[in-house]
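File shown: model11.pdb. Contents: PDB, N, CA and C atoms.
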```pdb
ATOM      1  N   MET U 954       0.819  -1.201   0.000
ATOM      2  CA  MET U 954       0.000   0.000   0.000
ATOM      3  C   MET U 954       0.859   1.260   0.000
ATOM      4  N   ALA U 955       1.958   1.247   0.741
ATOM      5  CA  ALA U 955       2.819   2.422   0.807
ATOM      6  C   ALA U 955       3.412   2.743  -0.566
ATOM      7  N   TRP U 956       3.779   1.693  -1.320
ATOM      8  CA  TRP U 956       4.330   1.939  -2.658
ATOM      9  C   TRP U 956       3.271   2.515  -3.585
ATOM     10  N   LEU U 957       2.032   2.105  -3.429
ATOM     11  CA  LEU U 957       0.958   2.680  -4.234
ATOM     12  C   LEU U 957       0.834   4.181  -3.961
ATOM     13  N   LEU U 958       0.969   4.569  -2.695
ATOM     14  CA  LEU U 958       0.944   5.993  -2.353
ATOM     15  C   LEU U 958       2.080   6.740  -3.033
ATOM     16  N   VAL U 959       3.268   6.131  -3.070
ATOM     17  CA  VAL U 959       4.411   6.776  -3.729
ATOM     18  C   VAL U 959       4.146   6.930  -5.224
ATOM     19  N   ILE U 960       3.570   5.902  -5.834
ATOM     20  CA  ILE U 960       3.287   5.959  -7.275
ATOM     21  C   ILE U 960       2.280   7.064  -7.579
ATOM     22  N   VAL U 961       1.203   7.129  -6.813
ATOM     23  CA  VAL U 961       0.201   8.183  -7.026
ATOM     24  C   VAL U 961       0.824   9.548  -6.754
ATOM     25  N   ALA U 962       1.648   9.656  -5.705
ATOM     26  CA  ALA U 962       2.332  10.919  -5.408
ATOM     27  C   ALA U 962       3.236  11.327  -6.567
ATOM     28  N   GLY U 963       3.897  10.365  -7.190
ATOM     29  CA  GLY U 963       4.746  10.661  -8.344
ATOM     30  C   GLY U 963       3.940  11.159  -9.528
ATOM     31  N   LEU U 964       2.770  10.568  -9.748
ATOM     32  CA  LEU U 964       1.899  11.047 -10.822
ATOM     33  C   LEU U 964       1.406  12.458 -10.537
ATOM     34  N   LEU U 965       1.096  12.727  -9.272
ATOM     35  CA  LEU U 965       0.696  14.084  -8.898
ATOM     36  C   LEU U 965       1.866  15.063  -9.059
ATOM     37  N   GLU U 966       3.085  14.580  -8.872
ATOM     38  CA  GLU U 966       4.249  15.432  -9.104
ATOM     39  C   GLU U 966       4.318  15.839 -10.570
ATOM     40  N   THR U 967       4.015  14.904 -11.460
ATOM     41  CA  THR U 967       3.936  15.244 -12.887
ATOM     42  C   THR U 967       2.909  16.348 -13.089
ATOM     43  N   GLY U 968       1.758  16.210 -12.440
ATOM     44  CA  GLY U 968       0.709  17.226 -12.546
ATOM     45  C   GLY U 968       1.162  18.580 -12.068
ATOM     46  N   PHE U 969       1.869  18.624 -10.926
ATOM     47  CA  PHE U 969       2.261  19.951 -10.442
ATOM     48  C   PHE U 969       3.374  20.551 -11.280
ATOM     49  N   ALA U 970       4.234  19.733 -11.857
ATOM     50  CA  ALA U 970       5.283  20.275 -12.723
ATOM     51  C   ALA U 970       4.685  20.863 -14.002
ATOM     52  N   VAL U 971       3.736  20.153 -14.590
ATOM     53  CA  VAL U 971       3.083  20.660 -15.796
ATOM     54  C   VAL U 971       2.309  21.940 -15.489
ATOM     55  N   CYS U 972       1.580  21.945 -14.389
ATOM     56  CA  CYS U 972       0.824  23.143 -14.011
ATOM     57  C   CYS U 972       1.748  24.316 -13.701
ATOM     58  N   LEU U 973       2.916  24.031 -13.165
ATOM     59  CA  LEU U 973       3.888  25.094 -12.906
ATOM     60  C   LEU U 973       4.261  25.785 -14.213
ATOM     61  N   LYS U 974       4.501  25.009 -15.253
ATOM     62  CA  LYS U 974       4.804  25.598 -16.564
ATOM     63  C   LYS U 974       3.611  26.381 -17.092
ATOM     64  N   LEU U 975       2.426  25.773 -17.006
ATOM     65  CA  LEU U 975       1.230  26.418 -17.537
ATOM     66  C   LEU U 975       0.833  27.669 -16.765
ATOM     67  N   SER U 976       1.309  27.803 -15.533
ATOM     68  CA  SER U 976       0.969  28.982 -14.733
ATOM     69  C   SER U 976       1.724  30.232 -15.179
ATOM     70  N   HIS U 977       2.768  30.047 -16.000
ATOM     71  CA  HIS U 977       3.583  31.171 -16.477
ATOM     72  C   HIS U 977       4.044  32.054 -15.314
ATOM     73  N   GLY U 978       4.753  31.418 -14.379
ATOM     74  CA  GLY U 978       5.278  32.174 -13.234
ATOM     75  C   GLY U 978       4.198  32.606 -12.269
ATOM     76  N   PHE U 979       3.208  31.771 -12.090
ATOM     77  CA  PHE U 979       2.074  32.035 -11.195
ATOM     78  C   PHE U 979       1.271  33.268 -11.606
ATOM     79  N   THR U 980       1.224  33.542 -12.915
ATOM     80  CA  THR U 980       0.441  34.680 -13.404
ATOM     81  C   THR U 980      -0.914  34.259 -13.961
ATOM     82  N   ARG U 981      -1.157  32.952 -14.072
ATOM     83  CA  ARG U 981      -2.449  32.449 -14.536
ATOM     84  C   ARG U 981      -3.115  31.718 -13.377
ATOM     85  N   LEU U 982      -4.327  32.126 -13.065
ATOM     86  CA  LEU U 982      -5.000  31.661 -11.847
ATOM     87  C   LEU U 982      -5.207  30.146 -11.800
ATOM     88  N   TRP U 983      -5.896  29.572 -12.778
ATOM     89  CA  TRP U 983      -6.292  28.167 -12.663
ATOM     90  C   TRP U 983      -5.131  27.198 -12.711
ATOM     91  N   PRO U 984      -4.133  27.406 -13.564
ATOM     92  CA  PRO U 984      -2.966  26.516 -13.465
ATOM     93  C   PRO U 984      -2.234  26.663 -12.124
ATOM     94  N   THR U 985      -2.256  27.863 -11.557
ATOM     95  CA  THR U 985      -1.628  28.075 -10.247
ATOM     96  C   THR U 985      -2.395  27.334  -9.157
ATOM     97  N   VAL U 986      -3.719  27.400  -9.215
ATOM     98  CA  VAL U 986      -4.555  26.676  -8.248
ATOM     99  C   VAL U 986      -4.324  25.172  -8.394
ATOM    100  N   ALA U 987      -4.306  24.691  -9.634
ATOM    101  CA  ALA U 987      -4.070  23.262  -9.878
ATOM    102  C   ALA U 987      -2.687  22.856  -9.379
ATOM    103  N   PHE U 988      -1.679  23.705  -9.603
ATOM    104  CA  PHE U 988      -0.335  23.435  -9.089
ATOM    105  C   PHE U 988      -0.380  23.219  -7.585
ATOM    106  N   CYS U 989      -1.054  24.108  -6.869
ATOM    107  CA  CYS U 989      -1.130  24.000  -5.405
ATOM    108  C   CYS U 989      -1.819  22.711  -4.972
ATOM    109  N   ILE U 990      -2.897  22.358  -5.636
ATOM    110  CA  ILE U 990      -3.632  21.132  -5.290
ATOM    111  C   ILE U 990      -2.773  19.896  -5.544
ATOM    112  N   PHE U 991      -2.161  19.829  -6.740
ATOM    113  CA  PHE U 991      -1.302  18.689  -7.063
ATOM    114  C   PHE U 991      -0.108  18.605  -6.123
ATOM    115  N   ALA U 992       0.513  19.739  -5.820
ATOM    116  CA  ALA U 992       1.695  19.740  -4.951
ATOM    117  C   ALA U 992       1.332  19.271  -3.545
ATOM    118  N   LEU U 993       0.251  19.804  -2.993
ATOM    119  CA  LEU U 993      -0.168  19.375  -1.656
ATOM    120  C   LEU U 993      -0.518  17.895  -1.631
ATOM    121  N   GLY U 994      -1.218  17.427  -2.655
ATOM    122  CA  GLY U 994      -1.552  16.009  -2.728
ATOM    123  C   GLY U 994      -0.314  15.137  -2.843
ATOM    124  N   SER U 995       0.622  15.556  -3.685
ATOM    125  CA  SER U 995       1.844  14.785  -3.889
ATOM    126  C   SER U 995       2.676  14.697  -2.617
ATOM    127  N   PHE U 996       2.934  15.835  -2.005
ATOM    128  CA  PHE U 996       3.727  15.840  -0.773
ATOM    129  C   PHE U 996       2.996  15.129   0.361
ATOM    130  N   GLY U 997       1.674  15.279   0.410
ATOM    131  CA  GLY U 997       0.903  14.613   1.452
ATOM    132  C   GLY U 997       0.975  13.098   1.348
ATOM    133  N   LEU U 998       0.797  12.575   0.122
ATOM    134  CA  LEU U 998       0.866  11.124  -0.064
ATOM    135  C   LEU U 998       2.278  10.601   0.175
ATOM    136  N   LEU U 999       3.290  11.346  -0.266
ATOM    137  CA  LEU U 999       4.663  10.925  -0.001
ATOM    138  C   LEU U 999       4.928  10.883   1.500
ATOM    139  N   THR U1000       4.434  11.854   2.219
ATOM    140  CA  THR U1000       4.602  11.889   3.671
ATOM    141  C   THR U1000       3.983  10.654   4.322
ATOM    142  N   LEU U1001       2.781  10.295   3.884
ATOM    143  CA  LEU U1001       2.132   9.099   4.430
ATOM    144  C   LEU U1001       2.922   7.838   4.101
ATOM    145  N   ALA U1002       3.428   7.749   2.875
ATOM    146  CA  ALA U1002       4.185   6.564   2.466
ATOM    147  C   ALA U1002       5.470   6.423   3.266
ATOM    148  N   LEU U1003       6.090   7.549   3.615
ATOM    149  CA  LEU U1003       7.362   7.501   4.336
ATOM    150  C   LEU U1003       7.221   6.979   5.763
ATOM    151  N   ARG U1004       6.000   6.826   6.228
ATOM    152  CA  ARG U1004       5.798   6.190   7.534
ATOM    153  C   ARG U1004       6.220   4.725   7.490
ATOM    154  N   ARG U1005       6.159   4.105   6.309
ATOM    155  CA  ARG U1005       6.447   2.682   6.168
ATOM    156  C   ARG U1005       7.652   2.364   5.291
ATOM    157  N   LEU U1006       8.123   3.343   4.529
ATOM    158  CA  LEU U1006       9.199   3.076   3.574
ATOM    159  C   LEU U1006      10.485   3.806   3.951
ATOM    160  N   ASP U1007      11.603   3.270   3.488
ATOM    161  CA  ASP U1007      12.876   3.968   3.623
ATOM    162  C   ASP U1007      12.846   5.200   2.733
ATOM    163  N   VAL U1008      13.431   6.279   3.206
ATOM    164  CA  VAL U1008      13.328   7.546   2.499
ATOM    165  C   VAL U1008      14.052   7.529   1.150
ATOM    166  N   GLY U1009      15.207   6.900   1.052
ATOM    167  CA  GLY U1009      15.988   6.937  -0.185
ATOM    168  C   GLY U1009      15.267   6.338  -1.374
ATOM    169  N   PRO U1010      14.886   5.054  -1.305
ATOM    170  CA  PRO U1010      14.173   4.471  -2.444
ATOM    171  C   PRO U1010      12.825   5.147  -2.721
ATOM    172  N   ALA U1011      12.083   5.497  -1.675
ATOM    173  CA  ALA U1011      10.776   6.124  -1.879
ATOM    174  C   ALA U1011      10.924   7.473  -2.576
ATOM    175  N   TYR U1012      11.880   8.273  -2.146
ATOM    176  CA  TYR U1012      12.095   9.580  -2.759
ATOM    177  C   TYR U1012      12.574   9.431  -4.198
ATOM    178  N   ALA U1013      13.449   8.463  -4.447
ATOM    179  CA  ALA U1013      13.950   8.236  -5.801
ATOM    180  C   ALA U1013      12.825   7.799  -6.738
ATOM    181  N   VAL U1014      11.943   6.937  -6.272
ATOM    182  CA  VAL U1014      10.811   6.506  -7.088
ATOM    183  C   VAL U1014       9.884   7.685  -7.347
ATOM    184  N   TRP U1015       9.587   8.458  -6.318
ATOM    185  CA  TRP U1015       8.709   9.626  -6.445
ATOM    186  C   TRP U1015       9.249  10.608  -7.481
ATOM    187  N   THR U1016      10.519  10.968  -7.364
ATOM    188  CA  THR U1016      11.087  11.929  -8.310
ATOM    189  C   THR U1016      11.252  11.315  -9.705
ATOM    190  N   GLY U1017      11.551  10.014  -9.758
ATOM    191  CA  GLY U1017      11.692   9.358 -11.059
ATOM    192  C   GLY U1017      10.388   9.344 -11.836
ATOM    193  N   ILE U1018       9.299   9.002 -11.150
ATOM    194  CA  ILE U1018       7.987   9.020 -11.794
ATOM    195  C   ILE U1018       7.650  10.441 -12.234
ATOM    196  N   GLY U1019       7.909  11.394 -11.365
ATOM    197  CA  GLY U1019       7.626  12.785 -11.709
ATOM    198  C   GLY U1019       8.441  13.268 -12.895
ATOM    199  N   ALA U1020       9.732  12.947 -12.902
ATOM    200  CA  ALA U1020      10.602  13.395 -13.995
ATOM    201  C   ALA U1020      10.232  12.725 -15.313
ATOM    202  N   ALA U1021      10.070  11.409 -15.296
ATOM    203  CA  ALA U1021       9.719  10.692 -16.522
ATOM    204  C   ALA U1021       8.331  11.107 -17.008
ATOM    205  N   GLY U1022       7.392  11.183 -16.100
ATOM    206  CA  GLY U1022       6.031  11.576 -16.477
ATOM    207  C   GLY U1022       5.972  12.969 -17.065
ATOM    208  N   THR U1023       6.702  13.894 -16.469
ATOM    209  CA  THR U1023       6.719  15.263 -16.964
ATOM    210  C   THR U1023       7.366  15.340 -18.341
ATOM    211  N   ALA U1024       8.461  14.621 -18.530
ATOM    212  CA  ALA U1024       9.139  14.620 -19.828
ATOM    213  C   ALA U1024       8.239  14.027 -20.909
ATOM    214  N   ILE U1025       7.575  12.925 -20.589
ATOM    215  CA  ILE U1025       6.681  12.294 -21.565
ATOM    216  C   ILE U1025       5.507  13.214 -21.882
ATOM    217  N   TYR U1026       4.904  13.803 -20.857
ATOM    218  CA  TYR U1026       3.785  14.724 -21.066
ATOM    219  C   TYR U1026       4.228  15.896 -21.947
ATOM    220  N   GLY U1027       5.386  16.430 -21.664
ATOM    221  CA  GLY U1027       5.891  17.554 -22.452
ATOM    222  C   GLY U1027       6.074  17.198 -23.916
ATOM    223  N   MET U1028       6.595  16.003 -24.174
ATOM    224  CA  MET U1028       6.799  15.579 -25.560
ATOM    225  C   MET U1028       5.466  15.323 -26.270
ATOM    226  N   VAL U1029       4.510  14.734 -25.559
ATOM    227  CA  VAL U1029       3.241  14.363 -26.191
ATOM    228  C   VAL U1029       2.295  15.558 -26.344
ATOM    229  N   PHE U1030       2.227  16.412 -25.315
ATOM    230  CA  PHE U1030       1.200  17.451 -25.299
ATOM    231  C   PHE U1030       1.713  18.888 -25.407
ATOM    232  N   LEU U1031       2.983  19.134 -25.101
ATOM    233  CA  LEU U1031       3.468  20.514 -25.061
ATOM    234  C   LEU U1031       4.482  20.838 -26.149
ATOM    235  N   GLY U1032       4.711  19.900 -27.048
ATOM    236  CA  GLY U1032       5.617  20.168 -28.158
ATOM    237  C   GLY U1032       7.093  20.150 -27.800
ATOM    238  N   ASP U1033       7.456  19.516 -26.680
ATOM    239  CA  ASP U1033       8.870  19.398 -26.323
ATOM    240  C   ASP U1033       9.589  18.529 -27.356
ATOM    241  N   LEU U1034      10.861  18.781 -27.526
ATOM    242  CA  LEU U1034      11.681  18.038 -28.470
ATOM    243  C   LEU U1034      11.661  16.549 -28.148
ATOM    244  N   VAL U1035      11.468  15.730 -29.177
ATOM    245  CA  VAL U1035      11.527  14.279 -29.045
ATOM    246  C   VAL U1035      12.801  13.816 -29.736
ATOM    247  N   SER U1036      13.613  13.046 -29.005
ATOM    248  CA  SER U1036      14.828  12.506 -29.597
ATOM    249  C   SER U1036      15.038  11.085 -29.075
ATOM    250  N   THR U1037      15.831  10.342 -29.816
ATOM    251  CA  THR U1037      16.136   8.971 -29.403
ATOM    252  C   THR U1037      16.831   8.959 -28.051
ATOM    253  N   LEU U1038      17.782   9.851 -27.854
ATOM    254  CA  LEU U1038      18.500   9.899 -26.584
ATOM    255  C   LEU U1038      17.562  10.213 -25.425
ATOM    256  N   LYS U1039      16.625  11.112 -25.641
ATOM    257  CA  LYS U1039      15.668  11.448 -24.581
ATOM    258  C   LYS U1039      14.798  10.245 -24.237
ATOM    259  N   ILE U1040      14.325   9.540 -25.236
ATOM    260  CA  ILE U1040      13.472   8.370 -24.998
ATOM    261  C   ILE U1040      14.254   7.266 -24.284
ATOM    262  N   VAL U1041      15.491   7.024 -24.704
ATOM    263  CA  VAL U1041      16.335   6.011 -24.046
ATOM    264  C   VAL U1041      16.588   6.414 -22.596
ATOM    265  N   SER U1042      16.877   7.684 -22.369
ATOM    266  CA  SER U1042      17.147   8.162 -21.007
ATOM    267  C   SER U1042      15.922   8.016 -20.111
ATOM    268  N   ILE U1043      14.759   8.362 -20.633
ATOM    269  CA  ILE U1043      13.526   8.194 -19.858
ATOM    270  C   ILE U1043      13.298   6.714 -19.554
ATOM    271  N   SER U1044      13.606   5.852 -20.509
ATOM    272  CA  SER U1044      13.473   4.408 -20.285
ATOM    273  C   SER U1044      14.360   3.955 -19.132
ATOM    274  N   PHE U1045      15.584   4.475 -19.062
ATOM    275  CA  PHE U1045      16.474   4.124 -17.954
ATOM    276  C   PHE U1045      15.921   4.621 -16.619
ATOM    277  N   VAL U1046      15.319   5.794 -16.605
ATOM    278  CA  VAL U1046      14.708   6.302 -15.375
ATOM    279  C   VAL U1046      13.587   5.360 -14.940
ATOM    280  N   ILE U1047      12.746   4.952 -15.874
ATOM    281  CA  ILE U1047      11.633   4.053 -15.553
ATOM    282  C   ILE U1047      12.149   2.708 -15.059
ATOM    283  N   ILE U1048      13.177   2.171 -15.704
ATOM    284  CA  ILE U1048      13.772   0.902 -15.253
ATOM    285  C   ILE U1048      14.299   1.055 -13.826
ATOM    286  N   GLY U1049      14.948   2.172 -13.544
ATOM    287  CA  GLY U1049      15.458   2.421 -12.192
ATOM    288  C   GLY U1049      14.347   2.532 -11.169
ATOM    289  N   VAL U1050      13.263   3.198 -11.547
ATOM    290  CA  VAL U1050      12.111   3.342 -10.649
ATOM    291  C   VAL U1050      11.514   1.974 -10.332
ATOM    292  N   VAL U1051      11.344   1.147 -11.339
ATOM    293  CA  VAL U1051      10.794  -0.193 -11.116
ATOM    294  C   VAL U1051      11.732  -0.999 -10.219
ATOM    295  N   GLY U1052      13.032  -0.922 -10.480
ATOM    296  CA  GLY U1052      13.997  -1.639  -9.646
ATOM    297  C   GLY U1052      13.953  -1.203  -8.198
ATOM    298  N   LEU U1053      13.849   0.099  -7.969
ATOM    299  CA  LEU U1053      13.768   0.589  -6.594
ATOM    300  C   LEU U1053      12.460   0.188  -5.930
ATOM    301  N   GLN U1054      11.393   0.213  -6.693
ATOM    302  CA  GLN U1054      10.091  -0.191  -6.138
ATOM    303  C   GLN U1054      10.127  -1.663  -5.744
ATOM    304  N   LEU U1055      10.821  -2.456  -6.515
ATOM    305  CA  LEU U1055      10.903  -3.890  -6.227
ATOM    306  C   LEU U1055      11.932  -4.229  -5.152
ATOM    307  N   SER U1056      12.684  -3.215  -4.707
ATOM    308  CA  SER U1056      13.753  -3.466  -3.729
ATOM    309  C   SER U1056      13.208  -3.850  -2.359
ATOM    310  N   GLY U1057      11.902  -3.613  -2.151
ATOM    311  CA  GLY U1057      11.267  -4.058  -0.909
ATOM    312  C   GLY U1057      11.764  -3.334   0.327
ATOM    313  N   SER U1058      11.684  -2.017   0.306
ATOM    314  CA  SER U1058      12.180  -1.275   1.464
ATOM    315  C   SER U1058      11.147  -1.099   2.566
ATOM    316  N   ALA U1059      10.007  -1.778   2.466
ATOM    317  CA  ALA U1059       8.991  -1.671   3.530
ATOM    318  C   ALA U1059       9.535  -2.296   4.815
ATOM    319  N   HIS U1060       9.172  -1.701   5.932
ATOM    320  CA  HIS U1060       9.638  -2.194   7.239
ATOM    321  C   HIS U1060       8.814  -3.377   7.663
TER     322      HIS U1060
END
```
Represent the structure from my file as structure tokens, please.
Amino acid sequence: MAWLLVIVAGLLETGFAVCLKLSHGFTRLWPTVAFCIFALGSFGLLTLALRRLDVGPAYAVWTGIGAAGTAIYGMVFLGDLVSTLKIVSISFVIIGVVGLQLSGSAH
């Protein structure tokens, strides 16, 4: 259950990163509001997960999901540059996230 919280928190991290860009420096109201909601949800779920998980693997999975998710979202929906190296690098991040999740750091 704790790992599920980390995964959802990582997805919410993707949401707050995208909303941060869409807020244009907190000058647009609704993306700014969405950023705050996603950020609070992400940090809140990560906090709950850390009650049962080691901080290192949990934090690495959280940031890995957020980084990979944000990069993929940017390429698919925001017109970010797509390159073979970027796709391979994101794949390595995802492989690392899965490996850390499977490391079984629950107490």
Item checked: Nearest residue to Leu957 of chain U from the set U:Ala1020, U:Ile1047, U:Gly1032, U:Leu998 (distances using only C-alpha atoms) -> U:Leu998
Checklist line | Residues matched by the PyMOL selection byres ((chain U and resi 1002) around 7) as a ChimeraX atom specification | finding: /U:954-956,958-959,997-1001,1003-1007
Check: If you measure from atom C of Leu1053 of chain U to atom N of Ser995 of chain U, what distance in Å do you get, rounded to one decimal?
Finding: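 Interatomic distance here is 19.5 Å.
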Starting from the PyMOL selection byres ((chain U and resi 965) around 8), expand the selection into actual residues of this file and give them as a PDB file with N, CA and C atoms, in the coordinates of the input.
```pdb
ATOM      1  N   VAL U 959       3.268   6.131  -3.070  1.00  0.00           N
ATOM      2  CA  VAL U 959       4.411   6.776  -3.729  1.00  0.00           C
ATOM      3  C   VAL U 959       4.146   6.930  -5.224  1.00  0.00           C
ATOM      4  N   ILE U 960       3.570   5.902  -5.834  1.00  0.00           N
ATOM      5  CA  ILE U 960       3.287   5.959  -7.275  1.00  0.00           C
ATOM      6  C   ILE U 960       2.280   7.064  -7.579  1.00  0.00           C
ATOM      7  N   VAL U 961       1.203   7.129  -6.813  1.00  0.00           N
ATOM      8  CA  VAL U 961       0.201   8.183  -7.026  1.00  0.00           C
ATOM      9  C   VAL U 961       0.824   9.548  -6.754  1.00  0.00           C
ATOM     10  N   ALA U 962       1.648   9.656  -5.705  1.00  0.00           N
ATOM     11  CA  ALA U 962       2.332  10.919  -5.408  1.00  0.00           C
ATOM     12  C   ALA U 962       3.236  11.327  -6.567  1.00  0.00           C
ATOM     13  N   GLY U 963       3.897  10.365  -7.190  1.00  0.00           N
ATOM     14  CA  GLY U 963       4.746  10.661  -8.344  1.00  0.00           C
ATOM     15  C   GLY U 963       3.940  11.159  -9.528  1.00  0.00           C
ATOM     16  N   LEU U 964       2.770  10.568  -9.748  1.00  0.00           N
ATOM     17  CA  LEU U 964       1.899  11.047 -10.822  1.00  0.00           C
ATOM     18  C   LEU U 964       1.406  12.458 -10.537  1.00  0.00           C
ATOM     19  N   GLU U 966       3.085  14.580  -8.872  1.00  0.00           N
ATOM     20  CA  GLU U 966       4.249  15.432  -9.104  1.00  0.00           C
ATOM     21  C   GLU U 966       4.318  15.839 -10.570  1.00  0.00           C
ATOM     22  N   THR U 967       4.015  14.904 -11.460  1.00  0.00           N
ATOM     23  CA  THR U 967       3.936  15.244 -12.887  1.00  0.00           C
ATOM     24  C   THR U 967       2.909  16.348 -13.089  1.00  0.00           C
ATOM     25  N   GLY U 968       1.758  16.210 -12.440  1.00  0.00           N
ATOM     26  CA  GLY U 968       0.709  17.226 -12.546  1.00  0.00           C
ATOM     27  C   GLY U 968       1.162  18.580 -12.068  1.00  0.00           C
ATOM     28  N   PHE U 969       1.869  18.624 -10.926  1.00  0.00           N
ATOM     29  CA  PHE U 969       2.261  19.951 -10.442  1.00  0.00           C
ATOM     30  C   PHE U 969       3.374  20.551 -11.280  1.00  0.00           C
ATOM     31  N   ALA U 970       4.234  19.733 -11.857  1.00  0.00           N
ATOM     32  CA  ALA U 970       5.283  20.275 -12.723  1.00  0.00           C
ATOM     33  C   ALA U 970       4.685  20.863 -14.002  1.00  0.00           C
ATOM     34  N   VAL U 971       3.736  20.153 -14.590  1.00  0.00           N
ATOM     35  CA  VAL U 971       3.083  20.660 -15.796  1.00  0.00           C
ATOM     36  C   VAL U 971       2.309  21.940 -15.489  1.00  0.00           C
ATOM     37  N   ILE U 990      -2.897  22.358  -5.636  1.00  0.00           N
ATOM     38  CA  ILE U 990      -3.632  21.132  -5.290  1.00  0.00           C
ATOM     39  C   ILE U 990      -2.773  19.896  -5.544  1.00  0.00           C
ATOM     40  N   PHE U 991      -2.161  19.829  -6.740  1.00  0.00           N
ATOM     41  CA  PHE U 991      -1.302  18.689  -7.063  1.00  0.00           C
ATOM     42  C   PHE U 991      -0.108  18.605  -6.123  1.00  0.00           C
ATOM     43  N   ALA U 992       0.513  19.739  -5.820  1.00  0.00           N
ATOM     44  CA  ALA U 992       1.695  19.740  -4.951  1.00  0.00           C
ATOM     45  C   ALA U 992       1.332  19.271  -3.545  1.00  0.00           C
ATOM     46  N   LEU U 993       0.251  19.804  -2.993  1.00  0.00           N
ATOM     47  CA  LEU U 993      -0.168  19.375  -1.656  1.00  0.00           C
ATOM     48  C   LEU U 993      -0.518  17.895  -1.631  1.00  0.00           C
ATOM     49  N   GLY U 994      -1.218  17.427  -2.655  1.00  0.00           N
ATOM     50  CA  GLY U 994      -1.552  16.009  -2.728  1.00  0.00           C
ATOM     51  C   GLY U 994      -0.314  15.137  -2.843  1.00  0.00           C
ATOM     52  N   SER U 995       0.622  15.556  -3.685  1.00  0.00           N
ATOM     53  CA  SER U 995       1.844  14.785  -3.889  1.00  0.00           C
ATOM     54  C   SER U 995       2.676  14.697  -2.617  1.00  0.00           C
ATOM     55  N   PHE U 996       2.934  15.835  -2.005  1.00  0.00           N
ATOM     56  CA  PHE U 996       3.727  15.840  -0.773  1.00  0.00           C
ATOM     57  C   PHE U 996       2.996  15.129   0.361  1.00  0.00           C
ATOM     58  N   ILE U1018       9.299   9.002 -11.150  1.00  0.00           N
ATOM     59  CA  ILE U1018       7.987   9.020 -11.794  1.00  0.00           C
ATOM     60  C   ILE U1018       7.650  10.441 -12.234  1.00  0.00           C
ATOM     61  N   GLY U1019       7.909  11.394 -11.365  1.00  0.00           N
ATOM     62  CA  GLY U1019       7.626  12.785 -11.709  1.00  0.00           C
ATOM     63  C   GLY U1019       8.441  13.268 -12.895  1.00  0.00           C
TER      64      GLY U1019
END
```
Around segment 974-991 of chain U, with edges along x, y and z and 8 Å added on all six sides, what centre and edge lengths do you get, in Å to one decimal, as lines of an AutoDock Vina configuration file?
```
center_x = -0.5
center_y = 26.6
center_z = -11.3
size_x = 27.6
size_y = 32.1
size_z = 28.6
```
Note to self: When the PyMOL selection byres (((chain U and resi 1050 and name CA) around 9) and name CA) is applied to the structure above, which residues does it catch, written out as a PyMOL selection string?
What the structure shows: chain U and resi 1010+1013-1018+1045-1049+1051-1055
Margin query: Just the number, please: distance in Å from atom CA of Phe988 of chain U to atom CA of Cys972 of chain U, one decimal.
Written below: 5.1 Å
Notebook entry, point to check: So, counting only C-alpha atoms, which residue among U:Ala1011, U:Leu982, U:Leu975, U:Ala1024 is closest to Ser1036 of chain U?
Noted result: U:Ala1024
Next item on the list: Just give me the gap between atom CA of Ser1042 of chain U and atom C of Ala1021 of chain U in Å, one decimal is fine.
Entry: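 Distance between the two atoms: 10.1 Å.
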Margin query: With distances taken over only C-alpha atoms, which residue among U:Leu973, U:Lys1039, U:Gly978, U:Gly1009 lies nearest Ser1056 of chain U?
Written below: U:Gly1009
Next item on the list: Could you check which of U:Phe979, U:Cys989, U:Leu1038, U:Ile1043 is closest to Ile1025 of chain U, using only N, CA and C atoms?
Entry: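 Smallest distance to Ile1025 of chain U is found for U:Ile1043.
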